[in-house]
$ cat run17.cif   # mmCIF, C-alpha atoms and all ligand atoms
data_model
loop_
_atom_site.label_atom_id
_atom_site.label_comp_id
_atom_site.auth_asym_id
_atom_site.auth_seq_id
_atom_site.Cartn_x
_atom_site.Cartn_y
_atom_site.Cartn_z
CA MET A 1208 113.34 78.07 94.45
CA PRO A 1209 112.51 81.78 94.52
CA GLU A 1210 110.20 82.74 91.66
CA ASN A 1211 112.36 85.76 90.83
CA PRO A 1212 114.86 87.09 93.38
CA SER A 1213 114.98 90.56 91.90
CA LYS A 1214 111.29 91.42 92.11
CA VAL A 1215 109.88 94.06 94.47
CA ALA A 1216 106.46 94.23 96.15
CA LEU A 1217 104.97 97.10 98.14
CA VAL A 1218 102.33 96.02 100.67
CA THR A 1219 100.21 98.64 102.47
CA GLY A 1220 98.93 97.99 105.98
CA ALA A 1221 101.81 95.54 106.36
CA ALA A 1222 102.59 96.02 110.06
CA ARG A 1223 100.26 93.22 111.17
CA GLY A 1224 97.47 90.86 110.13
CA ILE A 1225 96.88 89.92 106.49
CA GLY A 1226 99.39 92.53 105.27
CA LEU A 1227 102.23 91.16 107.38
CA ALA A 1228 101.44 87.58 106.32
CA THR A 1229 101.48 88.78 102.71
CA ALA A 1230 104.89 90.43 103.17
CA ARG A 1231 106.17 87.13 104.61
CA ARG A 1232 104.77 85.21 101.62
CA PHE A 1233 106.61 87.43 99.12
CA LEU A 1234 109.83 87.24 101.17
CA GLY A 1235 109.55 83.45 101.15
CA GLU A 1236 109.75 83.55 97.34
CA GLY A 1237 112.85 85.75 97.37
CA TRP A 1238 111.10 89.03 96.61
CA HIS A 1239 112.15 92.29 98.23
CA VAL A 1240 109.27 93.97 100.10
CA ALA A 1241 108.43 97.53 101.12
CA LEU A 1242 106.13 97.38 104.16
CA LEU A 1243 104.01 100.51 104.43
CA ASP A 1244 101.84 101.31 107.46
CA ILE A 1245 100.44 104.28 109.38
CA ASP A 1246 101.45 102.71 112.71
CA ALA A 1247 105.22 103.21 113.12
CA ALA A 1248 105.54 101.29 116.40
CA THR A 1249 103.77 98.16 115.10
CA LEU A 1250 105.78 98.41 111.89
CA ASP A 1251 109.01 98.41 113.94
CA THR A 1252 107.85 95.26 115.72
CA ALA A 1253 107.04 93.62 112.38
CA MET A 1254 110.44 94.51 110.93
CA ALA A 1255 112.16 93.02 113.97
CA ALA A 1256 110.08 89.84 113.67
CA LEU A 1257 110.84 89.47 109.94
CA ALA A 1258 114.56 89.98 110.63
CA GLN A 1259 115.41 90.40 106.94
CA PRO A 1260 116.92 93.91 106.79
CA ASP A 1261 118.48 93.32 103.36
CA ALA A 1262 115.16 92.37 101.77
CA THR A 1263 112.73 94.72 103.52
CA LEU A 1264 112.04 98.45 103.81
CA ALA A 1265 109.70 100.08 106.37
CA LEU A 1266 107.67 103.08 105.24
CA THR A 1267 105.46 105.00 107.67
CA CYS A 1268 102.61 106.60 105.75
CA ASP A 1269 98.87 107.26 105.78
CA VAL A 1270 97.59 105.91 102.45
CA SER A 1271 94.88 108.56 102.32
CA ASP A 1272 97.44 111.42 102.32
CA PRO A 1273 98.58 112.16 98.72
CA ALA A 1274 101.85 113.87 99.70
CA ALA A 1275 102.79 111.13 102.17
CA VAL A 1276 102.05 108.43 99.57
CA ALA A 1277 104.20 110.18 96.97
CA ALA A 1278 107.08 110.52 99.46
CA ALA A 1279 106.83 106.85 100.49
CA PHE A 1280 106.96 105.59 96.89
CA ASP A 1281 109.87 107.93 96.20
CA THR A 1282 111.81 106.40 99.10
CA ALA A 1283 110.86 102.88 98.00
CA MET A 1284 112.11 103.46 94.46
CA LYS A 1285 115.36 105.03 95.66
CA ARG A 1286 116.02 102.10 98.00
CA LEU A 1287 114.59 99.14 96.08
CA GLY A 1288 114.93 100.33 92.48
CA ARG A 1289 111.82 98.87 90.86
CA LEU A 1290 108.22 97.89 91.53
CA ASP A 1291 106.58 94.67 90.35
CA ALA A 1292 103.62 94.24 92.70
CA LEU A 1293 101.41 96.49 94.82
CA VAL A 1294 99.06 95.08 97.45
CA ASN A 1295 96.49 97.65 98.59
CA ASN A 1296 95.74 95.99 101.92
CA ALA A 1297 95.58 98.91 104.40
CA GLY A 1298 92.05 99.23 105.68
CA THR A 1299 89.95 100.53 108.50
CA ALA A 1300 86.56 99.35 109.74
CA VAL A 1301 83.67 101.05 111.48
CA PHE A 1302 80.77 98.68 112.21
CA LYS A 1303 77.78 100.87 113.04
CA PRO A 1304 74.18 101.23 111.86
CA LEU A 1305 73.50 103.67 109.03
CA LEU A 1306 71.69 106.11 111.28
CA GLU A 1307 74.54 106.19 113.84
CA THR A 1308 77.51 106.46 111.47
CA THR A 1309 78.95 109.97 111.65
CA HIS A 1310 80.05 112.00 108.67
CA GLU A 1311 83.66 111.84 109.96
CA GLU A 1312 83.53 108.03 110.24
CA TRP A 1313 82.07 107.72 106.73
CA GLN A 1314 84.75 110.05 105.31
CA ARG A 1315 87.62 108.26 107.06
CA VAL A 1316 86.57 104.77 105.96
CA LEU A 1317 86.17 105.91 102.35
CA ALA A 1318 89.48 107.83 102.49
CA VAL A 1319 91.54 104.87 103.71
CA ASN A 1320 89.78 101.97 101.96
CA LEU A 1321 88.99 103.59 98.60
CA THR A 1322 90.99 106.79 98.10
CA GLY A 1323 94.14 105.08 99.38
CA PRO A 1324 94.21 102.46 96.59
CA PHE A 1325 93.37 105.19 94.05
CA LEU A 1326 96.36 107.27 95.16
CA THR A 1327 98.86 104.41 95.41
CA THR A 1328 97.86 103.01 92.01
CA GLN A 1329 98.27 106.37 90.29
CA ILE A 1330 101.87 106.47 91.47
CA ALA A 1331 102.65 102.75 91.16
CA ALA A 1332 101.40 102.18 87.60
CA PRO A 1333 103.97 104.33 85.74
CA LEU A 1334 106.75 102.86 87.92
CA MET A 1335 105.66 99.32 87.04
CA ALA A 1336 105.33 100.26 83.37
CA ASP A 1337 108.98 101.36 83.36
CA THR A 1338 110.04 97.73 83.81
CA GLY A 1339 107.43 96.18 81.53
CA GLY A 1340 104.42 95.93 83.86
CA GLY A 1341 103.34 94.29 87.08
CA ALA A 1342 100.36 93.29 89.20
CA ILE A 1343 98.12 95.04 91.71
CA VAL A 1344 95.85 93.34 94.23
CA ASN A 1345 93.23 95.31 96.15
CA ILE A 1346 91.94 93.78 99.38
CA THR A 1347 88.16 94.14 99.46
CA SER A 1348 85.83 92.09 101.69
CA ILE A 1349 82.82 89.84 101.64
CA SER A 1350 81.14 92.89 103.24
CA GLY A 1351 81.46 94.51 99.81
CA LEU A 1352 79.85 91.55 98.04
CA ARG A 1353 76.64 91.43 100.07
CA ALA A 1354 74.91 93.99 102.23
CA SER A 1355 74.37 93.40 105.93
CA THR A 1356 73.65 95.60 108.91
CA LEU A 1357 76.41 97.65 110.58
CA ARG A 1358 78.57 97.82 107.46
CA VAL A 1359 77.24 100.90 105.67
CA ALA A 1360 80.60 102.68 105.40
CA TYR A 1361 82.86 99.62 105.38
CA GLY A 1362 80.79 97.54 102.94
CA THR A 1363 80.24 100.49 100.62
CA SER A 1364 83.97 101.29 100.56
CA LYS A 1365 84.81 97.68 99.69
CA ALA A 1366 82.12 97.38 96.99
CA ALA A 1367 83.47 100.57 95.44
CA LEU A 1368 87.01 99.18 95.64
CA ALA A 1369 85.86 96.08 93.74
CA HIS A 1370 84.62 98.37 90.98
CA LEU A 1371 87.80 100.46 91.11
CA THR A 1372 89.63 97.16 90.53
CA LYS A 1373 87.78 96.70 87.23
CA GLN A 1374 88.42 100.30 86.19
CA GLN A 1375 92.11 99.93 86.98
CA ALA A 1376 92.27 96.62 85.09
CA ALA A 1377 90.66 98.20 82.04
CA GLU A 1378 92.99 101.19 81.96
CA LEU A 1379 96.27 99.58 82.99
CA ALA A 1380 96.22 96.45 80.80
CA SER A 1381 97.90 98.42 78.02
CA LEU A 1382 100.82 99.11 80.41
CA GLY A 1383 101.23 95.39 81.12
CA ILE A 1384 99.62 95.70 84.55
CA ARG A 1385 97.03 93.22 85.84
CA VAL A 1386 94.69 94.34 88.64
CA ASN A 1387 92.62 91.97 90.77
CA ALA A 1388 90.93 91.96 94.16
CA VAL A 1389 90.85 89.45 96.99
CA ALA A 1390 87.72 89.52 99.14
CA PRO A 1391 88.51 87.92 102.50
CA GLY A 1392 85.89 86.31 104.68
CA PRO A 1393 86.43 86.84 108.41
CA VAL A 1394 90.03 86.46 109.60
CA ASP A 1395 90.81 86.75 113.30
CA THR A 1396 93.15 89.73 113.08
CA ALA A 1397 93.31 92.80 115.33
CA MET A 1398 90.67 94.43 113.12
CA ALA A 1399 88.26 91.52 113.56
CA LYS A 1400 88.86 91.46 117.32
CA GLU A 1401 87.87 95.13 117.39
CA VAL A 1402 84.67 95.01 115.33
CA HIS A 1403 83.36 91.41 115.51
CA SER A 1404 80.99 91.08 118.46
CA ALA A 1405 80.02 87.65 119.82
CA GLU A 1406 76.84 87.92 117.74
CA ILE A 1407 78.77 88.63 114.53
CA ARG A 1408 81.10 85.69 115.25
CA ALA A 1409 78.13 83.37 115.71
CA ASP A 1410 76.56 84.67 112.49
CA TYR A 1411 79.72 83.98 110.52
CA HIS A 1412 80.10 80.53 112.03
CA ASP A 1413 76.59 79.63 110.85
CA ALA A 1414 76.97 81.25 107.43
CA ILE A 1415 80.36 79.85 106.40
CA PRO A 1416 80.23 76.34 104.87
CA LEU A 1417 83.81 75.59 106.01
CA ASN A 1418 82.65 76.58 109.51
CA ARG A 1419 85.62 78.66 110.60
CA TYR A 1420 87.44 81.97 110.20
CA GLY A 1421 90.16 82.13 107.56
CA LEU A 1422 93.85 82.28 108.38
CA GLU A 1423 96.10 85.20 107.45
CA GLU A 1424 98.33 82.77 105.56
CA GLU A 1425 95.38 81.53 103.49
CA LEU A 1426 94.74 85.08 102.32
CA ALA A 1427 98.43 85.71 101.68
CA GLU A 1428 98.56 82.64 99.42
CA ALA A 1429 95.76 83.93 97.19
CA ILE A 1430 97.24 87.44 97.10
CA PHE A 1431 100.66 86.12 96.14
CA PHE A 1432 99.18 83.89 93.42
CA LEU A 1433 97.39 86.84 91.80
CA CYS A 1434 100.64 88.86 91.84
CA SER A 1435 102.68 86.01 90.39
CA ASP A 1436 103.24 85.10 86.76
CA LYS A 1437 101.05 82.03 87.36
CA ALA A 1438 98.06 84.41 87.17
CA SER A 1439 99.25 85.93 83.89
CA TYR A 1440 95.82 85.80 82.17
CA ILE A 1441 93.73 86.94 85.16
CA THR A 1442 92.75 90.61 85.49
CA GLY A 1443 89.73 92.59 86.66
CA GLN A 1444 88.52 89.81 88.98
CA THR A 1445 87.55 89.58 92.63
CA LEU A 1446 88.50 86.28 94.25
CA ALA A 1447 86.52 85.56 97.43
CA VAL A 1448 88.67 83.67 99.95
CA ASP A 1449 85.84 83.12 102.38
CA GLY A 1450 85.22 79.45 103.20
CA GLY A 1451 82.26 79.43 100.79
CA PHE A 1452 80.33 82.28 102.43
CA ASP A 1453 79.52 84.18 99.24
CA ALA A 1454 78.74 81.08 97.19
CA VAL A 1455 76.16 79.72 99.62
CA GLY A 1456 74.39 82.99 100.26
CA ILE A 1457 73.06 82.61 103.80
CA GLY A 1458 72.35 86.13 105.02
CA LEU A 1459 73.85 87.89 108.01
CA THR A 1460 71.74 89.93 110.41
P1 LIG B 1 94.53 94.89 110.71
O1 LIG B 1 93.81 96.01 111.37
O2 LIG B 1 95.12 93.82 111.53
O3 LIG B 1 95.68 95.46 109.74
C1 LIG B 1 95.45 96.61 108.95
C2 LIG B 1 96.73 97.41 108.91
O4 LIG B 1 96.46 98.58 108.12
C3 LIG B 1 97.19 97.90 110.29
O5 LIG B 1 98.56 97.61 110.48
C4 LIG B 1 96.93 99.40 110.23
O6 LIG B 1 97.84 100.17 111.02
C5 LIG B 1 97.06 99.69 108.74
N1 LIG B 1 96.39 100.92 108.36
C6 LIG B 1 95.15 101.34 108.75
N2 LIG B 1 94.90 102.54 108.22
C7 LIG B 1 95.99 102.89 107.48
C8 LIG B 1 96.31 104.02 106.70
N3 LIG B 1 95.46 105.07 106.59
N4 LIG B 1 97.49 104.05 106.04
C9 LIG B 1 98.36 103.01 106.17
N5 LIG B 1 98.12 101.92 106.92
C10 LIG B 1 96.93 101.85 107.56
O7 LIG B 1 93.47 94.31 109.67
P2 LIG B 1 93.43 93.01 108.74
O8 LIG B 1 92.30 92.20 109.20
O9 LIG B 1 94.76 92.40 108.55
O10 LIG B 1 92.94 93.74 107.39
C11 LIG B 1 93.70 93.81 106.21
C12 LIG B 1 92.73 94.10 105.07
O11 LIG B 1 91.81 93.00 104.95
C13 LIG B 1 91.88 95.34 105.28
O12 LIG B 1 91.73 96.04 104.06
C14 LIG B 1 90.56 94.78 105.73
O13 LIG B 1 89.49 95.64 105.46
C15 LIG B 1 90.49 93.50 104.93
N6 LIG B 1 89.58 92.49 105.48
C16 LIG B 1 89.78 91.96 106.72
C17 LIG B 1 88.87 91.02 107.20
C18 LIG B 1 89.01 90.39 108.57
O14 LIG B 1 88.07 89.73 109.02
N7 LIG B 1 90.13 90.56 109.26
C19 LIG B 1 87.79 90.61 106.41
C20 LIG B 1 87.62 91.17 105.16
C21 LIG B 1 88.53 92.11 104.69
#
$ encode --input "run17.cif" --output "structure tokens"
Amino acid sequence: MPENPSKVALVTGAARGIGLATARRFLGEGWHVALLDIDAATLDTAMAALAQPDATLALTCDVSDPAAVAAAFDTAMKRLGRLDALVNNAGTAVFKPLLETTHEEWQRVLAVNLTGPFLTTQIAAPLMADTGGGAIVNITSISGLRASTLRVAYGTSKAALAHLTKQQAAELASLGIRVNAVAPGPVDTAMAKEVHSAEIRADYHDAIPLNRYGLEEELAEAIFFLCSDKASYITGQTLAVDGGFDAVGIGLT
């Protein structure tokens, strides 16, 4: 049975990967879902694959652009009427050494991965409060839990997002809004295919007790749980969904 057919989730970076799997998970429970992404063509493909025009809304938007974010939420509210969950999943990765990361790369990673969730939350929170509250999940990374080479911009953005999660939880509890983070281990999405070299893949294989990459659906399950009423007393937390990587603590090169 659907948990609540009238609820609405907005998922950023929903055109593919973990975001698309998350949109599917909400739809499977009878929620309506706004799928937001910067990549209009991939979003079109996702909408066609979901084939649920009555329950979905596509929004093309760069989460780091304040005006575009405001316009996207405006459209979502006009079309879907309410907001119960926000999943800040859109992300970008640059895997380079500290001394080779350019100022532009640093700025872009911070803008998408950290400023994006700041902007969306500022708009989403009052909308959620209008209907008694809601839940926000920020997608961080195990790269924000422990330092390793090549992840100066990416890991720093995700560690900061984990702290932003706590700040948001502290300030939004009084509005009835819970805020948590999910820190994925490696998942073989388009992003991972782009930045995980053979050496990184071998490192992860050795360092993960469950000995494999995670599945998009495994992440979506944890994200949905934290947005659902079943997580009603959980806020301000980061849940690592990482096959035991963080718990065991074997380092990466
Ligand atoms: P992905 O690249 O397959 O999907 C990310 C989506 O975000 C894409 O559709 C992309 O177009 C969109 N996006 C990028 N920049 C955007 C912007 N400025 N505005 C709006 N949309 C934007 O990646 P994924 O692996 O599914 O990653 C989802 C999240 O999970 C990201 O935040 C990522 O950092 C995090 N994560 C992924 C892994 C992994 O191994 N795949 C591990 C840890 C954390």
$ residues_near_ligand --input "run17.cif" --ligand "ligand LIG 1 (chain B)" --cutoff "6 Å" --atoms "only C-alpha atoms and all ligand atoms" --output "number ranges by chain"
A: 1219-1226, 1244-1246, 1268-1271, 1296-1299, 1319, 1346-1348, 1391-1399
$ closest_residue --input "run17.cif" --among "A:Ala1380, A:Ala1369, A:Leu1290, A:Ile1349" --to "Phe1452 of chain A" --atoms "all atoms listed in the file"
A:Ile1349
$ closest_atom_pairs --input "run17.cif" --of "segment 1235-1319 of chain A" --to "segment 1421-1436 of chain A" --cutoff "9 Å" --atoms "only C-alpha atoms" --output "Markdown table"
| residue | atom | partner | partner_atom | distance |
| --- | --- | --- | --- | --- |
| A:Asp1291 | CA | A:Cys1434 | CA | 8.4 |
| A:Ala1292 | CA | A:Cys1434 | CA | 6.2 |
| A:Leu1293 | CA | A:Cys1434 | CA | 8.2 |
| A:Val1294 | CA | A:Ile1430 | CA | 7.9 |
$ atom_distance --input "run17.cif" --atom1 "atom CA of Leu1287 of chain A" --atom2 "atom CA of Leu1264 of chain A"
8.2 Å
$ atom_distance --input "run17.cif" --atom1 "atom CA of Gly1288 of chain A" --atom2 "atom CA of Val1386 of chain A"
21.5 Å
$ atom_distance --input "run17.cif" --atom1 "atom CA of Gly1383 of chain A" --atom2 "atom CA of Thr1328 of chain A"
13.7 Å
$ axis_aligned_box --input "run17.cif" --around "segment 1346-1363 of chain A" --padding-each-side "8 Å" --output "lines of an AutoDock Vina configuration file"
center_x = 82.8
center_y = 96.3
center_z = 104.3
size_x = 34.3
size_y = 28.8
size_z = 28.5
$ residues_around --input "run17.cif" --residues "Pro1260 of chain A" --least-positions-apart "2" --cutoff "12 Å" --atoms "only C-alpha atoms" --output "count of residues only"
16
$ closest_residue --input "run17.cif" --among "A:Leu1352, A:Ile1407, A:Ala1414, A:Ile1343" --to "Ala1388 of chain A" --atoms "only C-alpha atoms"
A:Ile1343
$ closest_residue --input "run17.cif" --among "A:Val1301, A:Leu1266, A:Ala1354, A:Ala1332" --to "Glu1378 of chain A" --atoms "only C-alpha atoms"
A:Ala1332
$ residues_around --input "run17.cif" --residues "Thr1372 of chain A" --least-positions-apart "2" --cutoff "9 Å" --atoms "all atoms listed in the file" --output "ChimeraX atom specification"
/A:1343-1345,1367-1370,1374-1377,1386-1388,1442-1445
